[in-house]
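Undergrad: Input structure: run33.cif, which contains mmCIF, C-alpha atoms.
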data_start
loop_
_atom_site.label_atom_id
_atom_site.label_comp_id
_atom_site.auth_asym_id
_atom_site.auth_seq_id
_atom_site.Cartn_x
_atom_site.Cartn_y
_atom_site.Cartn_z
CA MET Y 1 31.58 -8.91 69.06
CA ASN Y 2 33.86 -9.72 66.07
CA ASN Y 3 32.44 -13.25 65.80
CA LYS Y 4 28.92 -11.85 65.61
CA ILE Y 5 29.82 -9.51 62.73
CA VAL Y 6 31.55 -12.32 60.83
CA LYS Y 7 28.56 -14.63 61.40
CA LEU Y 8 26.12 -11.97 60.15
CA ALA Y 9 28.31 -11.26 57.11
CA ILE Y 10 28.40 -14.98 56.21
CA ILE Y 11 24.62 -15.27 56.58
CA LEU Y 12 24.09 -12.16 54.45
CA PHE Y 13 26.46 -13.53 51.81
CA ALA Y 14 24.69 -16.92 51.78
CA VAL Y 15 21.24 -15.34 51.42
CA SER Y 16 22.49 -13.05 48.65
CA ALA Y 17 24.10 -15.97 46.82
CA VAL Y 18 20.90 -18.04 46.98
CA VAL Y 19 18.77 -15.12 45.74
CA ALA Y 20 21.23 -14.40 42.91
CA LEU Y 21 21.20 -18.06 41.92
CA LEU Y 22 17.40 -18.13 41.90
CA LEU Y 23 17.20 -14.94 39.82
CA GLY Y 24 19.70 -16.35 37.33
CA LEU Y 25 17.73 -19.58 37.12
CA VAL Y 26 14.42 -17.76 36.54
CA ASN Y 27 16.08 -15.62 33.86
CA MET Y 28 17.46 -18.71 32.14
CA VAL Y 29 14.08 -20.47 32.21
CA THR Y 30 12.09 -17.47 30.91
CA GLU Y 31 14.66 -16.04 28.45
CA ASP Y 32 13.36 -17.89 25.36
CA ARG Y 33 9.72 -17.13 26.16
CA ILE Y 34 10.46 -13.42 26.64
CA ALA Y 35 12.34 -13.31 23.32
CA ALA Y 36 9.42 -15.05 21.56
CA ILE Y 37 6.93 -12.56 23.00
CA GLU Y 38 9.13 -9.62 21.94
CA LYS Y 39 9.41 -11.04 18.42
CA GLU Y 40 5.64 -11.59 18.23
CA LYS Y 41 5.01 -8.05 19.45
CA GLN Y 42 7.38 -6.65 16.82
CA GLU Y 43 5.79 -8.67 14.02
CA LYS Y 44 2.31 -7.52 15.06
CA ALA Y 45 3.46 -3.89 15.13
CA MET Y 46 5.05 -4.28 11.69
CA GLN Y 47 1.77 -5.62 10.29
CA GLU Y 48 -0.10 -2.70 11.89
CA VAL Y 49 2.11 0.02 10.41
CA LEU Y 50 2.55 -1.51 6.93
CA PRO Y 51 0.89 -4.84 6.16
CA ALA Y 52 3.02 -7.06 3.93
CA SER Y 53 3.43 -10.76 3.23
CA SER Y 54 7.09 -10.67 4.26
CA TYR Y 55 9.72 -8.41 5.76
CA GLU Y 56 13.36 -8.59 4.75
CA GLU Y 57 15.86 -7.06 7.14
CA LEU Y 58 18.19 -4.69 5.34
CA SER Y 59 21.69 -3.67 6.30
CA TYR Y 60 21.64 -0.15 7.72
CA THR Y 61 25.13 1.35 7.64
CA GLY Y 62 24.23 4.92 8.59
CA ASP Y 63 25.64 6.70 11.61
CA ASN Y 64 22.35 7.16 13.50
CA ALA Y 65 22.60 4.91 16.55
CA ASN Y 66 18.84 5.32 17.19
CA ILE Y 67 18.02 3.10 14.21
CA LEU Y 68 17.66 -0.47 15.46
CA ASN Y 69 16.44 -2.27 12.30
CA VAL Y 70 15.32 -1.45 8.77
CA PHE Y 71 13.05 -3.87 6.90
CA LYS Y 72 11.84 -3.95 3.31
CA ALA Y 73 8.11 -4.75 3.37
CA GLY Y 74 7.83 -6.59 0.07
CA ASP Y 75 7.13 -4.07 -2.66
CA LYS Y 76 5.02 -1.90 -0.34
CA GLY Y 77 7.75 0.12 1.38
CA TYR Y 78 9.81 0.05 4.55
CA VAL Y 79 9.41 -0.59 8.25
CA VAL Y 80 11.97 0.90 10.63
CA LYS Y 81 12.47 0.14 14.32
CA VAL Y 82 13.87 3.20 16.07
CA VAL Y 83 14.47 4.34 19.64
CA GLU Y 84 14.40 7.94 20.84
CA SER Y 85 14.90 9.57 24.22
CA GLY Y 86 11.59 10.63 25.75
CA SER Y 87 10.74 12.38 28.98
CA GLN Y 88 11.30 9.44 31.34
CA GLY Y 89 13.45 7.15 29.23
CA ASN Y 90 13.60 5.56 25.82
CA VAL Y 91 10.64 5.34 23.47
CA GLU Y 92 10.98 2.40 21.08
CA MET Y 93 8.75 2.55 18.02
CA ILE Y 94 8.13 0.97 14.67
CA ILE Y 95 7.42 3.27 11.75
CA GLY Y 96 5.94 2.13 8.44
CA MET Y 97 6.26 4.07 5.19
CA ASP Y 98 5.42 3.43 1.57
CA THR Y 99 7.87 3.53 -1.32
CA SER Y 100 7.57 7.33 -1.54
CA TYR Y 101 8.63 7.56 2.15
CA THR Y 102 5.20 8.67 3.32
CA VAL Y 103 4.31 7.40 6.80
CA THR Y 104 1.70 4.64 6.81
CA GLY Y 105 1.67 4.02 10.54
CA VAL Y 106 3.39 4.43 13.89
CA SER Y 107 3.44 1.85 16.68
CA ILE Y 108 5.12 2.43 20.04
CA VAL Y 109 6.30 -0.95 21.26
CA LYS Y 110 8.19 -0.03 24.43
CA HIS Y 111 8.42 3.04 26.63
CA SER Y 112 8.81 4.23 30.20
CA GLU Y 113 6.84 7.47 29.93
CA THR Y 114 4.65 8.86 32.68
CA SER Y 115 1.26 7.19 32.95
CA GLY Y 116 -1.52 9.52 31.83
CA LEU Y 117 0.90 11.90 30.10
CA GLY Y 118 3.60 10.58 27.78
CA ALA Y 119 2.23 7.05 28.00
CA VAL Y 120 -0.84 8.27 26.10
CA ALA Y 121 1.28 8.17 22.92
CA ALA Y 122 1.39 4.36 23.13
CA SER Y 123 -2.08 3.76 24.53
CA THR Y 124 -4.74 1.85 22.64
CA GLY Y 125 -7.33 4.40 23.77
CA VAL Y 126 -8.80 7.08 21.52
CA ASP Y 127 -6.24 9.72 22.52
CA GLY Y 128 -3.29 7.43 21.73
CA GLN Y 129 -4.80 6.30 18.43
CA ASN Y 130 -5.56 9.90 17.44
CA PHE Y 131 -2.04 11.02 18.32
CA ARG Y 132 -0.39 8.29 16.22
CA ALA Y 133 -2.87 8.78 13.35
CA GLN Y 134 -1.54 12.35 12.88
CA PHE Y 135 1.65 10.93 11.38
CA VAL Y 136 -0.05 8.97 8.61
CA GLY Y 137 0.52 10.72 5.30
CA LEU Y 138 3.48 12.79 6.51
CA THR Y 139 6.94 12.82 4.94
CA SER Y 140 8.44 14.68 7.91
CA ALA Y 141 7.14 15.42 11.37
CA ALA Y 142 7.27 18.23 13.92
CA VAL Y 143 4.93 19.36 16.69
CA THR Y 144 3.00 22.57 16.18
CA LYS Y 145 5.22 24.37 18.73
CA ASP Y 146 8.13 23.68 16.37
CA GLY Y 147 6.26 24.79 13.25
CA GLY Y 148 4.88 21.38 12.28
CA THR Y 149 1.43 19.88 12.01
CA VAL Y 150 1.53 17.31 14.83
CA GLN Y 151 -0.55 18.32 17.83
CA ALA Y 152 1.48 17.38 20.91
CA ILE Y 153 -0.10 15.41 23.71
CA THR Y 154 -1.13 17.82 26.46
CA GLY Y 155 1.55 17.78 29.14
CA ALA Y 156 3.79 15.51 27.10
CA THR Y 157 5.58 17.71 24.58
CA ILE Y 158 8.89 15.94 25.16
CA THR Y 159 7.36 12.55 24.33
CA SER Y 160 5.57 14.03 21.31
CA ARG Y 161 8.85 15.48 20.06
CA ALA Y 162 10.55 12.11 20.59
CA VAL Y 163 7.99 10.41 18.36
CA CYS Y 164 8.48 13.15 15.73
CA ARG Y 165 12.26 12.60 15.85
CA GLY Y 166 11.68 8.87 15.53
CA VAL Y 167 9.53 9.36 12.45
CA ASN Y 168 12.10 11.68 10.86
CA ASP Y 169 14.99 9.34 11.69
CA ALA Y 170 13.05 6.37 10.28
CA ILE Y 171 12.34 8.15 7.02
CA ALA Y 172 16.01 9.16 6.66
CA ALA Y 173 17.14 5.59 7.39
CA ALA Y 174 14.74 4.11 4.83
CA LYS Y 175 15.90 6.60 2.22
CA SER Y 176 19.53 5.65 2.90
CA VAL Y 177 18.91 1.95 2.21
CA GLY Y 178 16.21 2.36 -0.47
#
Represent the supplied structure as structure tokens.
TA:
Amino acid sequence: MNNKIVKLAIILFAVSAVVALLLGLVNMVTEDRIAAIEKEKQEKAMQEVLPASSYEELSYTGDNANILNVFKAGDKGYVVKVVESGSQGNVEMIIGMDTSYTVTGVSIVKHSETSGLGAVAASTGVDGQNFRAQFVGLTSAAVTKDGGTVQAITGATITSRAVCRGVNDAIAAAKSVG
């Protein structure tokens, strides 16, 4: 009986070791490609929210841990990458604003929100585009339930509030470096 348990434990260990090795190998092989795709996605989002010929990363020394990066978009304004807590996890977005800190665009680059509800905020469909378009021209954001002008996505108030917080945090971060 003891020999059988030891034999099964060794087999389980060997299988686990092989699988772990394979996963590590796949990660190593795809790591550079994944990083390149992420960079390309970020650059595309930056161009969408505030087109510029170049983006210079600025040093953000504020205490808001949600601010990931702040970029100067030539002489056109700022682009800020920010992450906020949504309903089902983090919502990572890129916010563009002109030199007067007025929002020029919002792009949600990564999220784990519920499909059909919070995920609508990032969708390329009409509802997602309309939701994000509400932020253009604002200098601060809040959903209507909180006294603001942003109409929350039906059934996704938490996600809508997360995007509003992201916009407000981005504006504050740009002001602190600008």
Undergrad: For the atom pair atom CA of Ala122 of chain Y and atom CA of Ser176 of chain Y, what is the interatomic distance in Å to one decimal place?
TA: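 Atom CA of Ser176 of chain Y lies 27.2 Å from atom CA of Ala122 of chain Y.
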Undergrad: Any chance you could resolve the PyMOL selection byres ((chain Y and resi 117) around 9) against this file and give the residues as a list in words?
TA: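 Evaluating the PyMOL selection byres ((chain Y and resi 117) around 9) on this file yields Glu113, Thr114, Ser115, Gly116, Gly118, Ala119, Val120, Ala121, Ile153, Thr154, Gly155, Ala156 and Thr159 of chain Y.
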Undergrad: Okay, now the selection with C-alpha atoms, as a CSV table (one decimal), in the coordinates of the input?
TA:
chain,number,residue,atom,x,y,z
Y,113,GLU,CA,6.8,7.5,29.9
Y,114,THR,CA,4.6,8.9,32.7
Y,115,SER,CA,1.3,7.2,33.0
Y,116,GLY,CA,-1.5,9.5,31.8
Y,118,GLY,CA,3.6,10.6,27.8
Y,119,ALA,CA,2.2,7.0,28.0
Y,120,VAL,CA,-0.8,8.3,26.1
Y,121,ALA,CA,1.3,8.2,22.9
Y,153,ILE,CA,-0.1,15.4,23.7
Y,154,THR,CA,-1.1,17.8,26.5
Y,155,GLY,CA,1.6,17.8,29.1
Y,156,ALA,CA,3.8,15.5,27.1
Y,159,THR,CA,7.4,12.6,24.3
Undergrad: Taking all atoms listed in the file into account, which of Y:Glu92, Y:Glu57, Y:Asp63, Y:Glu48 comes nearest Ala173 of chain Y?
TA: Y:Asp63
Undergrad: I need the residue set behind the PyMOL selection byres ((chain Y and resi 88-90) around 6) for this file; please write it as a PyMOL selection string.
TA: chain Y and resi 84-87+91+111-113
Undergrad: Next, the residues of the selection above should be written as a compact mmCIF listing (two decimals), in the coordinates of the input with C-alpha atoms.
TA:
# COMPACT_ATOMS: atom_id res chain seq x y z
CA GLU Y 84 14.40 7.94 20.84
CA SER Y 85 14.90 9.57 24.22
CA GLY Y 86 11.59 10.63 25.75
CA SER Y 87 10.74 12.38 28.98
CA VAL Y 91 10.64 5.34 23.47
CA HIS Y 111 8.42 3.04 26.63
CA SER Y 112 8.81 4.23 30.20
CA GLU Y 113 6.84 7.47 29.93
Undergrad: Could you give me, as CSV, a per-residue list for segment 83-107 of chain Y showing, wherever an atom lies at most 12 Å from an atom of segment 127-148 of chain Y, the closest pair of atoms and their distance in Å to one decimal, using only C-alpha atoms and sorting by chain then residue number from low to high?
TA:
residue,atom,partner,partner_atom,distance
Y:Met93,CA,Y:Arg132,CA,10.9
Y:Ile94,CA,Y:Arg132,CA,11.3
Y:Ile95,CA,Y:Phe135,CA,9.6
Y:Gly96,CA,Y:Val136,CA,9.1
Y:Met97,CA,Y:Val136,CA,8.7
Y:Asp98,CA,Y:Gly137,CA,9.5
Y:Thr99,CA,Y:Thr139,CA,11.2
Y:Ser100,CA,Y:Thr139,CA,8.5
Y:Tyr101,CA,Y:Thr139,CA,6.2
Y:Thr102,CA,Y:Thr139,CA,4.8
Y:Val103,CA,Y:Val136,CA,5.0
Y:Thr104,CA,Y:Val136,CA,5.0
Y:Gly105,CA,Y:Val136,CA,5.6
Y:Val106,CA,Y:Arg132,CA,5.9
Y:Ser107,CA,Y:Arg132,CA,7.5
